[in-house]
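Here is the file final-v3.txt (compact mmCIF, C-alpha atoms).
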```txt
# COMPACT_ATOMS: atom_id res chain seq x y z
CA MET A 1 -145.70 64.21 73.49
CA ALA A 2 -147.36 64.03 70.08
CA ASP A 3 -144.00 63.34 68.47
CA ASP A 4 -143.42 60.50 70.94
CA LEU A 5 -146.68 58.63 70.34
CA VAL A 6 -147.45 59.52 66.72
CA ALA A 7 -144.34 58.56 64.78
CA ASP A 8 -143.65 60.35 61.53
CA ASP A 9 -144.13 57.24 59.40
CA LEU A 10 -147.51 56.56 61.02
CA TRP A 11 -148.66 60.16 60.57
CA GLU A 12 -147.56 60.23 56.92
CA ARG A 13 -149.90 57.31 56.21
CA ILE A 14 -152.86 58.50 58.28
CA ALA A 15 -152.91 62.19 57.33
CA PRO A 16 -154.09 61.71 53.71
CA LEU A 17 -156.94 59.47 54.90
CA LEU A 18 -158.44 61.92 57.39
CA PRO A 19 -161.57 63.83 56.32
CA PRO A 20 -160.92 67.54 55.71
CA ARG A 21 -161.87 69.94 58.44
CA PRO A 22 -164.83 72.24 57.61
CA ALA A 23 -163.90 75.73 56.49
CA ARG A 24 -164.03 78.37 59.19
CA ARG A 25 -166.22 81.42 58.77
CA SER A 26 -164.16 84.57 58.53
CA ARG A 27 -166.79 86.71 60.22
CA PHE A 28 -167.22 84.46 63.26
CA PRO A 29 -163.96 82.54 63.45
CA GLY A 30 -164.35 81.19 66.98
CA ARG A 31 -161.77 78.95 68.58
CA LYS A 32 -159.24 77.26 66.32
CA PRO A 33 -159.80 73.50 65.98
CA ILE A 34 -157.31 71.17 67.60
CA ASP A 35 -154.66 69.84 65.23
CA ASP A 36 -155.46 66.33 64.00
CA ARG A 37 -152.04 64.99 64.98
CA VAL A 38 -152.52 66.19 68.55
CA ALA A 39 -155.92 64.47 68.70
CA LEU A 40 -154.40 61.27 67.31
CA ASP A 41 -151.77 61.47 70.03
CA GLY A 42 -154.53 61.46 72.64
CA ILE A 43 -156.24 58.48 70.98
CA LEU A 44 -152.99 56.49 71.03
CA PHE A 45 -152.42 57.52 74.65
CA VAL A 46 -155.79 56.02 75.63
CA LEU A 47 -155.20 52.94 73.46
CA ARG A 48 -151.89 52.20 75.18
CA THR A 49 -152.65 53.20 78.77
CA ASN A 50 -156.42 52.55 79.09
CA VAL A 51 -157.08 55.76 80.99
CA SER A 52 -160.61 57.12 80.73
CA TRP A 53 -161.19 59.80 78.13
CA ARG A 54 -161.89 62.35 80.84
CA ASP A 55 -158.56 61.59 82.52
CA VAL A 56 -156.39 62.28 79.48
CA PRO A 57 -153.76 64.81 80.66
CA ALA A 58 -154.63 67.84 78.52
CA GLU A 59 -151.50 69.70 79.64
CA LYS A 60 -149.30 66.94 78.18
CA ILE A 61 -151.32 65.88 75.17
CA GLY A 62 -152.41 69.33 74.08
CA CYS A 63 -156.17 68.78 74.08
CA SER A 64 -158.90 67.25 76.21
CA GLY A 65 -159.81 63.60 76.12
CA ILE A 66 -163.35 64.47 75.04
CA THR A 67 -161.94 66.14 71.92
CA CYS A 68 -159.89 63.01 71.23
CA TRP A 69 -163.00 60.85 71.62
CA ARG A 70 -164.92 63.03 69.19
CA ARG A 71 -162.16 62.74 66.60
CA LEU A 72 -162.12 58.97 67.12
CA ARG A 73 -165.87 58.92 66.49
CA GLU A 74 -165.54 61.12 63.42
CA TRP A 75 -162.69 59.15 61.88
CA THR A 76 -164.33 55.80 62.66
CA GLU A 77 -167.54 56.87 60.94
CA ALA A 78 -165.45 58.08 57.97
CA GLY A 79 -163.83 54.63 57.60
CA VAL A 80 -160.26 55.79 58.22
CA TRP A 81 -159.03 52.71 60.11
CA PRO A 82 -159.94 49.99 57.55
CA ARG A 83 -158.32 52.06 54.78
CA LEU A 84 -155.17 52.50 56.87
CA HIS A 85 -155.01 48.77 57.56
CA THR A 86 -155.45 47.93 53.86
CA LEU A 87 -152.74 50.44 52.91
CA LEU A 88 -150.21 48.87 55.27
CA LEU A 89 -151.08 45.34 54.15
CA SER A 90 -150.40 46.40 50.56
CA GLU A 91 -147.03 47.83 51.59
CA LEU A 92 -146.18 44.58 53.34
CA ARG A 93 -147.07 42.63 50.23
CA THR A 94 -144.89 44.94 48.13
CA ALA A 95 -141.99 44.25 50.51
CA LYS A 96 -142.69 40.49 50.25
CA LEU A 97 -143.44 40.33 53.98
CA LEU A 98 -146.97 38.98 53.63
CA ASP A 99 -147.51 35.22 53.29
CA MET A 100 -151.20 34.61 52.62
CA ASP A 101 -150.92 31.00 51.47
CA ASP A 102 -151.44 29.82 55.07
CA VAL A 103 -153.67 31.69 57.52
CA ALA A 104 -154.83 30.95 61.06
CA VAL A 105 -157.95 32.04 62.92
CA ASP A 106 -159.02 32.16 66.55
CA GLY A 107 -161.07 34.17 69.06
CA SER A 108 -160.38 35.71 72.47
CA HIS A 109 -162.74 36.80 75.27
CA VAL A 110 -162.57 40.24 76.86
CA ARG A 111 -164.74 41.59 79.65
CA ALA A 112 -167.15 44.41 78.75
CA LEU A 113 -167.53 46.95 81.54
CA LYS A 114 -170.59 48.57 79.96
CA ARG A 115 -173.57 47.37 78.02
CA GLY A 116 -173.73 47.94 74.30
CA ALA A 117 -173.87 46.24 70.93
CA HIS A 118 -171.84 43.04 70.54
CA THR A 119 -171.82 42.18 74.23
CA GLY A 120 -173.26 39.08 75.83
CA PRO A 121 -172.96 36.74 78.84
CA SER A 122 -169.49 35.26 78.67
CA PRO A 123 -169.38 31.48 79.25
CA VAL A 124 -165.79 31.74 80.52
CA ASP A 125 -166.46 34.62 82.94
CA ARG A 126 -169.46 33.37 84.98
CA GLY A 127 -171.95 34.97 82.62
CA ARG A 128 -170.64 38.51 83.05
CA PRO A 129 -171.01 40.82 80.04
CA GLY A 130 -168.22 40.27 77.57
CA SER A 131 -167.14 40.54 73.97
CA LYS A 132 -164.98 38.50 71.65
CA HIS A 133 -162.13 39.52 69.39
CA HIS A 134 -161.86 37.32 66.31
CA VAL A 135 -158.64 37.57 64.29
CA LEU A 136 -157.39 36.01 61.08
CA VAL A 137 -153.61 36.23 60.53
CA ASP A 138 -151.08 35.22 57.90
CA ARG A 139 -148.25 32.76 58.42
CA HIS A 140 -146.18 35.39 60.26
CA GLY A 141 -149.00 36.55 62.54
CA THR A 142 -149.80 39.71 60.60
CA PRO A 143 -153.50 40.51 61.22
CA LEU A 144 -155.47 40.39 57.97
CA ALA A 145 -158.96 40.83 59.40
CA VAL A 146 -160.55 41.41 62.81
CA THR A 147 -164.18 41.33 63.98
CA LEU A 148 -166.04 41.97 67.23
CA THR A 149 -168.96 39.93 68.59
CA GLY A 150 -170.72 39.27 71.86
CA GLY A 151 -169.04 37.06 74.40
CA ASN A 152 -171.65 34.34 73.93
CA ARG A 153 -171.08 33.92 70.18
CA HIS A 154 -169.37 30.74 69.01
CA ASP A 155 -166.01 31.19 67.30
CA VAL A 156 -167.08 29.29 64.20
CA THR A 157 -169.82 31.84 63.43
CA GLN A 158 -167.09 34.35 62.52
CA LEU A 159 -165.09 32.03 60.29
CA LEU A 160 -166.64 33.11 56.99
CA PRO A 161 -167.12 36.78 58.04
CA LEU A 162 -163.38 36.95 58.73
CA VAL A 163 -162.56 35.42 55.36
CA GLU A 164 -164.91 37.88 53.67
CA ALA A 165 -163.39 40.77 55.64
CA ILE A 166 -159.93 40.25 54.11
CA PRO A 167 -159.45 43.36 51.94
CA HIS A 168 -158.24 43.38 48.35
CA ILE A 169 -154.49 43.60 49.01
CA ARG A 170 -152.49 45.18 46.22
CA GLY A 171 -148.75 45.71 46.08
CA ARG A 172 -147.78 43.19 43.39
CA ARG A 173 -148.42 42.87 39.68
CA GLY A 174 -151.66 41.20 38.74
CA ARG A 175 -154.93 41.03 40.57
CA PRO A 176 -155.17 42.06 44.23
CA ARG A 177 -154.80 39.12 46.62
CA ARG A 178 -157.76 38.34 48.87
CA ARG A 179 -158.09 34.59 49.35
CA PRO A 180 -155.63 32.33 51.20
CA ARG A 181 -154.95 28.79 50.08
CA ARG A 182 -155.12 27.01 53.44
CA LEU A 183 -156.81 27.92 56.71
CA PHE A 184 -155.71 26.48 60.07
CA ALA A 185 -157.98 26.40 63.12
CA ASP A 186 -158.45 24.51 66.38
CA ARG A 187 -161.20 22.07 67.36
CA GLY A 188 -163.71 24.85 68.00
CA TYR A 189 -164.09 25.18 64.23
CA ASP A 190 -164.60 21.46 63.61
CA TYR A 191 -167.82 21.49 61.57
CA ASP A 192 -168.13 19.80 58.20
CA LYS A 193 -170.59 22.48 57.08
CA TYR A 194 -167.90 25.14 57.37
CA ARG A 195 -165.30 22.93 55.76
CA ALA A 196 -167.56 22.67 52.74
CA LEU A 197 -168.12 26.43 52.68
CA LEU A 198 -164.37 27.04 52.77
CA HIS A 199 -163.90 24.65 49.87
CA ARG A 200 -166.44 26.68 47.90
CA HIS A 201 -164.26 29.73 48.47
CA GLY A 202 -161.25 27.85 47.12
CA ILE A 203 -159.69 27.47 50.58
CA THR A 204 -158.40 24.16 51.93
CA PRO A 205 -159.45 23.79 55.60
CA LYS A 206 -156.86 22.45 58.04
CA ILE A 207 -159.02 22.14 61.15
CA ALA A 208 -158.28 19.88 64.10
CA ARG A 209 -160.82 17.11 64.73
CA ARG A 210 -162.69 16.78 68.01
CA GLY A 211 -162.11 13.53 69.83
CA VAL A 212 -158.73 12.97 68.19
CA ALA A 213 -155.63 12.83 70.34
CA HIS A 214 -153.34 15.84 70.32
CA GLY A 215 -150.33 15.75 68.09
CA SER A 216 -151.85 16.58 64.71
CA GLY A 217 -149.02 19.02 64.00
CA LEU A 218 -151.38 21.90 63.25
CA GLY A 219 -150.05 23.76 66.26
CA LYS A 220 -146.81 24.43 64.38
CA VAL A 221 -148.79 26.81 62.19
CA ARG A 222 -151.61 27.97 64.47
CA TRP A 223 -149.46 29.33 67.28
CA VAL A 224 -148.93 32.63 65.46
CA VAL A 225 -152.53 33.71 66.06
CA GLU A 226 -152.02 33.37 69.82
CA ARG A 227 -148.96 35.57 69.56
CA THR A 228 -151.01 38.13 67.64
CA PHE A 229 -153.53 38.26 70.48
CA ALA A 230 -150.61 38.92 72.84
CA TRP A 231 -149.56 41.80 70.58
CA LEU A 232 -153.09 43.20 70.49
CA HIS A 233 -153.53 42.99 74.25
CA GLN A 234 -150.32 44.92 74.80
CA PHE A 235 -152.64 47.82 74.00
CA LYS A 236 -154.30 47.99 77.40
CA ARG A 237 -157.51 49.53 76.05
CA LEU A 238 -158.22 46.25 74.24
CA ARG A 239 -157.81 43.98 77.29
CA VAL A 240 -161.16 45.11 78.67
CA ARG A 241 -163.83 46.72 76.54
CA SER A 242 -164.76 50.16 77.90
CA GLU A 243 -166.55 51.62 74.84
CA VAL A 244 -170.34 51.35 74.73
CA ARG A 245 -170.32 51.84 70.97
CA ALA A 246 -169.14 48.71 69.22
CA ASP A 247 -167.90 50.62 66.16
CA LEU A 248 -165.49 52.65 68.29
CA HIS A 249 -164.02 49.53 69.91
CA GLN A 250 -163.78 47.97 66.44
CA GLY A 251 -161.98 51.10 65.27
CA LEU A 252 -159.44 50.81 68.08
CA LEU A 253 -158.92 47.17 67.15
CA GLU A 254 -158.25 48.10 63.53
CA LEU A 255 -155.88 50.89 64.60
CA ALA A 256 -153.94 48.42 66.76
CA CYS A 257 -153.75 45.98 63.82
CA SER A 258 -152.36 48.78 61.65
CA ILE A 259 -149.68 49.57 64.23
CA ILE A 260 -148.68 45.89 64.32
CA CYS A 261 -148.39 45.91 60.51
CA LEU A 262 -146.28 49.07 60.66
CA ARG A 263 -143.94 47.52 63.23
CA ARG A 264 -143.34 44.57 60.93
CA LEU A 265 -142.74 46.91 58.01
CA ARG A 266 -140.17 48.88 60.01
CA LYS A 267 -138.14 45.74 60.70
CA SER A 268 -137.71 45.18 56.96
CA PHE A 269 -135.51 48.26 56.57
```

Let me see the structure of the file written as structure tokens.
Amino acid sequence: MADDLVADDLWERIAPLLPPRPARRSRFPGRKPIDDRVALDGILFVLRTNVSWRDVPAEKIGCSGITCWRRLREWTEAGVWPRLHTLLLSELRTAKLLDMDDVAVDGSHVRALKRGAHTGPSPVDRGRPGSKHHVLVDRHGTPLAVTLTGGNRHDVTQLLPLVEAIPHIRGRRGRPRRRPRRLFADRGYDYDKYRALLHRHGITPKIARRGVAHGSGLGKVRWVVERTFAWLHQFKRLRVRSEVRADLHQGLLELACSIICLRRLRKSF
């Protein structure tokens, strides 16, 4: 099953980023460690199906779900997922498939089944514990940055953190690209303070005004971020937050963003 879930092109990009396994002692060898590709297969199985880690079918995957969870923890702490995402964004820019002149931003609520960091009473779910996914995408819906907050945090509080989270994207001659030219957002981001801050970053804000009738035309550009949320929530593990540790859920978000980037890169060939 590893070959089914972990495609060769995905593994070729992830393998060099993984931390090396510790050397085994020759005198007390013990059990051989599980192959990293098999563990990654289990992580993708959970990401796509949302089964609990203990219910991962070891006879099909090749290792237990607890081993997969430990590798996820290890690789998240080693910063594998942000580096993978940056690598794929650079490849997209090399292929001229990244349009960073116009970007769009939005947030989406998800229920949190367990307590943990970056959870809070969700105002759209009767105060139940929840979290928010905040995503900034390019003109084609390619995710450039993603953050996680509590369900009670306002979307606008993550506007600048998302802009700052855009990595230095190489792939073309000259300096790496990091800043967009224009940013599109809905009425939830309508604050003059944040417009001024965006201008200081050299970004022109295109934010809908509260109290103004619909029909501004911004929806022709902003709709791509809604489609990106649909892509992200095709990974069932992201529809409802099950991880207590916020960094692990953030890692799964970044892994899903990388897979979306890889899918777009595949279509270019």

*Contact residues around Val135 in chain A with only C-alpha atoms at 8 Å, ignoring same-chain residues under 3 positions, as a list in words*: Val105, Asp106, Gly107, Pro143, Leu144, Ala145, Val146, Thr147, Leu162 and Val225 of chain A

*Hey, which of A:Ala15, A:Val38, A:Ala230, A:Val137 ends up closest to Met100 in chain A? Count all atoms listed in the file.*
A:Val137

*Between A:Arg48, A:Arg54, A:Arg263, A:His85, single out the one closest to Ile169 in chain A, counting only C-alpha atoms.*
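Result for the nearest residue to Ile169 in chain A: A:His85.
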
*asked:* With distances taken over all atoms listed in the file, which residue among A:Arg222, A:Asp190, A:Arg182, A:Gly141 lies nearest Thr157 in chain A?
replied: A:Asp190

*Rounded to one decimal place, report the CA of Arg245 in chain A-CA of Pro22 in chain A distance in Å.*
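Taking CA of Arg245 in chain A and CA of Pro22 in chain A, their separation equals 25.0 Å.
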
_Shell of 9 Å around Ile14 in chain A, all atoms listed in the file, local chain residues under 6 positions omitted, as a ChimeraX atom specification_ = /A:80-81,84

*Find, counting only C-alpha atoms, the residue in A:Gly150, A:Glu74, A:Val212, A:Glu91 that gets nearest to Gly116 in chain A.*
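Distance minimum relative to Gly116 in chain A lands on A:Gly150.
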